[in-house]
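Source file: structure20.pdb (PDB, C-alpha atoms)
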```pdb
ATOM      1  CA  MET A   1      38.813  93.759 -51.158  1.00  0.00           C
ATOM      2  CA  SER A   2      35.911  96.059 -50.411  1.00  0.00           C
ATOM      3  CA  VAL A   3      36.572  99.615 -51.446  1.00  0.00           C
ATOM      4  CA  GLN A   4      33.100 100.860 -50.588  1.00  0.00           C
ATOM      5  CA  ALA A   5      32.832  99.985 -46.907  1.00  0.00           C
ATOM      6  CA  ASP A   6      31.415 103.380 -45.935  1.00  0.00           C
ATOM      7  CA  PRO A   7      27.694 103.789 -46.749  1.00  0.00           C
ATOM      8  CA  HIS A   8      28.214 107.563 -46.761  1.00  0.00           C
ATOM      9  CA  GLU A   9      30.400 107.195 -49.848  1.00  0.00           C
ATOM     10  CA  ALA A  10      27.476 105.487 -51.609  1.00  0.00           C
ATOM     11  CA  GLU A  11      25.305 108.477 -50.735  1.00  0.00           C
ATOM     12  CA  ASP A  12      28.061 110.801 -51.973  1.00  0.00           C
ATOM     13  CA  LEU A  13      28.143 108.871 -55.258  1.00  0.00           C
ATOM     14  CA  GLN A  14      24.383 109.208 -55.614  1.00  0.00           C
ATOM     15  CA  SER A  15      24.541 112.948 -54.875  1.00  0.00           C
ATOM     16  CA  CYS A  16      27.453 113.448 -57.252  1.00  0.00           C
ATOM     17  CA  VAL A  17      25.603 111.734 -60.094  1.00  0.00           C
ATOM     18  CA  PHE A  18      22.449 113.705 -59.288  1.00  0.00           C
ATOM     19  CA  VAL A  19      24.274 117.036 -59.444  1.00  0.00           C
ATOM     20  CA  LYS A  20      26.169 116.160 -62.624  1.00  0.00           C
ATOM     21  CA  VAL A  21      23.028 115.069 -64.452  1.00  0.00           C
ATOM     22  CA  PHE A  22      20.625 117.654 -63.034  1.00  0.00           C
ATOM     23  CA  GLN A  23      22.624 120.780 -63.847  1.00  0.00           C
ATOM     24  CA  GLY A  24      20.355 122.986 -65.892  1.00  0.00           C
ATOM     25  CA  GLY A  25      17.180 120.906 -65.412  1.00  0.00           C
ATOM     26  CA  ASP A  26      13.820 121.885 -63.931  1.00  0.00           C
ATOM     27  CA  LEU A  27      12.378 120.798 -60.572  1.00  0.00           C
ATOM     28  CA  ALA A  28       9.988 118.133 -61.940  1.00  0.00           C
ATOM     29  CA  GLU A  29      12.807 116.640 -63.977  1.00  0.00           C
ATOM     30  CA  GLY A  30      14.983 116.697 -60.863  1.00  0.00           C
ATOM     31  CA  LEU A  31      12.394 114.821 -58.808  1.00  0.00           C
ATOM     32  CA  VAL A  32      12.090 112.117 -61.447  1.00  0.00           C
ATOM     33  CA  LEU A  33      15.865 111.902 -61.578  1.00  0.00           C
ATOM     34  CA  GLU A  34      16.061 111.614 -57.798  1.00  0.00           C
ATOM     35  CA  GLU A  35      13.655 108.649 -57.912  1.00  0.00           C
ATOM     36  CA  GLU A  36      15.782 107.010 -60.608  1.00  0.00           C
ATOM     37  CA  LEU A  37      18.925 107.532 -58.547  1.00  0.00           C
ATOM     38  CA  GLU A  38      17.230 105.902 -55.571  1.00  0.00           C
ATOM     39  CA  ARG A  39      16.428 102.896 -57.763  1.00  0.00           C
ATOM     40  CA  LEU A  40      20.042 102.881 -58.963  1.00  0.00           C
ATOM     41  CA  SER A  41      21.269 102.914 -55.374  1.00  0.00           C
ATOM     42  CA  HIS A  42      19.139  99.854 -54.558  1.00  0.00           C
ATOM     43  CA  ALA A  43      20.318  98.131 -57.750  1.00  0.00           C
ATOM     44  CA  LEU A  44      23.954  98.763 -56.779  1.00  0.00           C
ATOM     45  CA  GLU A  45      23.328  97.136 -53.405  1.00  0.00           C
ATOM     46  CA  LYS A  46      22.225  93.953 -55.168  1.00  0.00           C
ATOM     47  CA  LEU A  47      25.490  93.575 -57.101  1.00  0.00           C
ATOM     48  CA  HIS A  48      28.181  91.196 -55.940  1.00  0.00           C
ATOM     49  CA  GLU A  49      30.842  92.987 -53.911  1.00  0.00           C
ATOM     50  CA  ARG A  50      33.475  92.711 -56.664  1.00  0.00           C
ATOM     51  CA  GLU A  51      31.090  94.157 -59.262  1.00  0.00           C
ATOM     52  CA  ARG A  52      30.023  96.977 -56.955  1.00  0.00           C
ATOM     53  CA  ASP A  53      33.647  97.794 -56.127  1.00  0.00           C
ATOM     54  CA  LEU A  54      34.560  97.934 -59.795  1.00  0.00           C
ATOM     55  CA  ILE A  55      31.617 100.206 -60.624  1.00  0.00           C
ATOM     56  CA  PHE A  56      32.463 102.442 -57.665  1.00  0.00           C
ATOM     57  CA  LEU A  57      36.117 102.749 -58.658  1.00  0.00           C
ATOM     58  CA  HIS A  58      35.355 103.328 -62.327  1.00  0.00           C
ATOM     59  CA  TYR A  59      32.461 105.789 -62.157  1.00  0.00           C
ATOM     60  CA  TYR A  60      33.010 107.546 -58.816  1.00  0.00           C
ATOM     61  CA  LYS A  61      36.780 107.464 -58.373  1.00  0.00           C
ATOM     62  CA  GLU A  62      37.298 107.657 -62.180  1.00  0.00           C
ATOM     63  CA  TYR A  63      39.931 104.927 -62.437  1.00  0.00           C
ATOM     64  CA  THR A  64      40.400 103.173 -65.777  1.00  0.00           C
ATOM     65  CA  LEU A  65      39.542  99.500 -66.070  1.00  0.00           C
ATOM     66  CA  LYS A  66      43.276  98.769 -66.456  1.00  0.00           C
ATOM     67  CA  GLN A  67      44.031 100.545 -63.176  1.00  0.00           C
ATOM     68  CA  ILE A  68      41.159  98.771 -61.435  1.00  0.00           C
ATOM     69  CA  ALA A  69      42.315  95.383 -62.727  1.00  0.00           C
ATOM     70  CA  GLU A  70      45.736  95.981 -61.231  1.00  0.00           C
ATOM     71  CA  MET A  71      44.286  97.205 -57.916  1.00  0.00           C
ATOM     72  CA  MET A  72      41.904  94.258 -57.630  1.00  0.00           C
ATOM     73  CA  GLY A  73      44.441  91.638 -58.713  1.00  0.00           C
ATOM     74  CA  MET A  74      42.686  90.555 -61.891  1.00  0.00           C
ATOM     75  CA  SER A  75      43.510  90.656 -65.570  1.00  0.00           C
ATOM     76  CA  TYR A  76      42.338  93.558 -67.709  1.00  0.00           C
ATOM     77  CA  GLY A  77      40.177  91.137 -69.703  1.00  0.00           C
ATOM     78  CA  ASN A  78      38.513  89.905 -66.519  1.00  0.00           C
ATOM     79  CA  ALA A  79      37.895  93.497 -65.386  1.00  0.00           C
ATOM     80  CA  LYS A  80      36.122  94.170 -68.694  1.00  0.00           C
ATOM     81  CA  VAL A  81      33.958  91.058 -68.213  1.00  0.00           C
ATOM     82  CA  VAL A  82      33.069  92.016 -64.614  1.00  0.00           C
ATOM     83  CA  HIS A  83      32.275  95.580 -65.769  1.00  0.00           C
ATOM     84  CA  LYS A  84      29.991  94.383 -68.553  1.00  0.00           C
ATOM     85  CA  LYS A  85      28.268  91.866 -66.259  1.00  0.00           C
ATOM     86  CA  ALA A  86      27.693  94.551 -63.608  1.00  0.00           C
ATOM     87  CA  LEU A  87      26.229  96.980 -66.144  1.00  0.00           C
ATOM     88  CA  LYS A  88      23.864  94.300 -67.465  1.00  0.00           C
ATOM     89  CA  ALA A  89      22.756  93.446 -63.924  1.00  0.00           C
ATOM     90  CA  LEU A  90      22.126  97.135 -63.190  1.00  0.00           C
ATOM     91  CA  GLU A  91      20.173  97.497 -66.408  1.00  0.00           C
ATOM     92  CA  ARG A  92      17.974  94.494 -65.528  1.00  0.00           C
ATOM     93  CA  GLU A  93      17.306  95.863 -62.036  1.00  0.00           C
ATOM     94  CA  MET A  94      16.462  99.309 -63.375  1.00  0.00           C
ATOM     95  CA  GLN A  95      13.952  97.866 -65.872  1.00  0.00           C
ATOM     96  CA  ASP A  96      11.989  95.991 -63.179  1.00  0.00           C
TER      97      ASP A  96
END
```

What is this structure when it is put down as structure tokens?
Amino acid sequence: MSVQADPHEAEDLQSCVFVKVFQGGDLAEGLVLEEELERLSHALEKLHERERDLIFLHYYKEYTLKQIAEMMGMSYGNAKVVHKKALKALEREMQD
């Protein structure tokens, strides 16, 4: 099940996060943030499809992990494990 088949939705997610975080910041801060979001976008591309889908549904579509577990046909406990694994993978990629 791929919920993020459209690359434009990934760009929308990046823009949405940028706007939410940047509100009230200055231009230099915004440029640094834009670079970080670009790195995040590349890190998201490196995730396994299931991890990327879960992150997309949770942070962009704002579903709970329980809702996502049901949608993806997995247990709530498994959804929590996949979520944690995806966040750790993103953190590693962002530190490189």

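Atom CA of A:Met94 sits 26.9 Å away from atom CA of A:Tyr76.
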
I'd like the neighbourhood of A:Ala79 as a PyMOL selection string, where a residue qualifies if any of its atoms comes within 8 Å (using only C-alpha atoms), though same-chain residues fewer than 6 positions away should be ignored.
chain A and resi 54+65-66+68-69

How big is the axis-aligned box around the listed atoms of stretch 90-94 of chain A once 8 Å is added on each side, and where is its centre? Give both in Å to one decimal, as JSON.
```
{"center_x": 19.3, "center_y": 96.9, "center_z": -64.2, "size_x": 21.7, "size_y": 20.8, "size_z": 20.4}
```

Rounded to one decimal, what separation in Å do you get between atom CA of A:Gly77 and atom CA of A:Leu47?
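Taking atom CA of A:Gly77 as the start and atom CA of A:Leu47 as the end point, the length is 19.5 Å.
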
In Å to one decimal, how far is atom CA of A:Arg50 from atom CA of A:Leu37?
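According to the coordinates, atom CA of A:Leu37 and atom CA of A:Arg50 are separated by 20.9 Å.
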
Once the PyMOL selection byres ((chain A and resi 92) around 12) has been evaluated on this model, what residues remain selected, and can you format them as a CSV table (one decimal) with C-alpha atoms, in the frame of the given file?
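In the end it all went to part-v5.csv:
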```
chain,number,residue,atom,x,y,z
A,39,ARG,CA,16.4,102.9,-57.8
A,40,LEU,CA,20.0,102.9,-59.0
A,43,ALA,CA,20.3,98.1,-57.8
A,44,LEU,CA,24.0,98.8,-56.8
A,46,LYS,CA,22.2,94.0,-55.2
A,47,LEU,CA,25.5,93.6,-57.1
A,85,LYS,CA,28.3,91.9,-66.3
A,86,ALA,CA,27.7,94.6,-63.6
A,87,LEU,CA,26.2,97.0,-66.1
A,88,LYS,CA,23.9,94.3,-67.5
A,89,ALA,CA,22.8,93.4,-63.9
A,90,LEU,CA,22.1,97.1,-63.2
A,91,GLU,CA,20.2,97.5,-66.4
A,93,GLU,CA,17.3,95.9,-62.0
A,94,MET,CA,16.5,99.3,-63.4
A,95,GLN,CA,14.0,97.9,-65.9
A,96,ASP,CA,12.0,96.0,-63.2
```

I want to know what sits within 8 Å of A:Ile55, based on only C-alpha atoms, with residues of the same chain fewer than 4 positions away left out; could you give that as a VMD selection string?
chain A and resid 51 59 to 60 83 86

Taking (38.9, 95.1, -56.5) in the file's own coordinates, collect the residues within 6 Å, counting all atoms listed in the file, and hand them back as a compact mmCIF listing (two decimals) with C-alpha atoms, keeping the file's coordinate frame.
```txt
# COMPACT_ATOMS: atom_id res chain seq x y z
CA MET A 1 38.81 93.76 -51.16
CA ARG A 50 33.48 92.71 -56.66
CA ASP A 53 33.65 97.79 -56.13
CA MET A 71 44.29 97.20 -57.92
CA MET A 72 41.90 94.26 -57.63
```
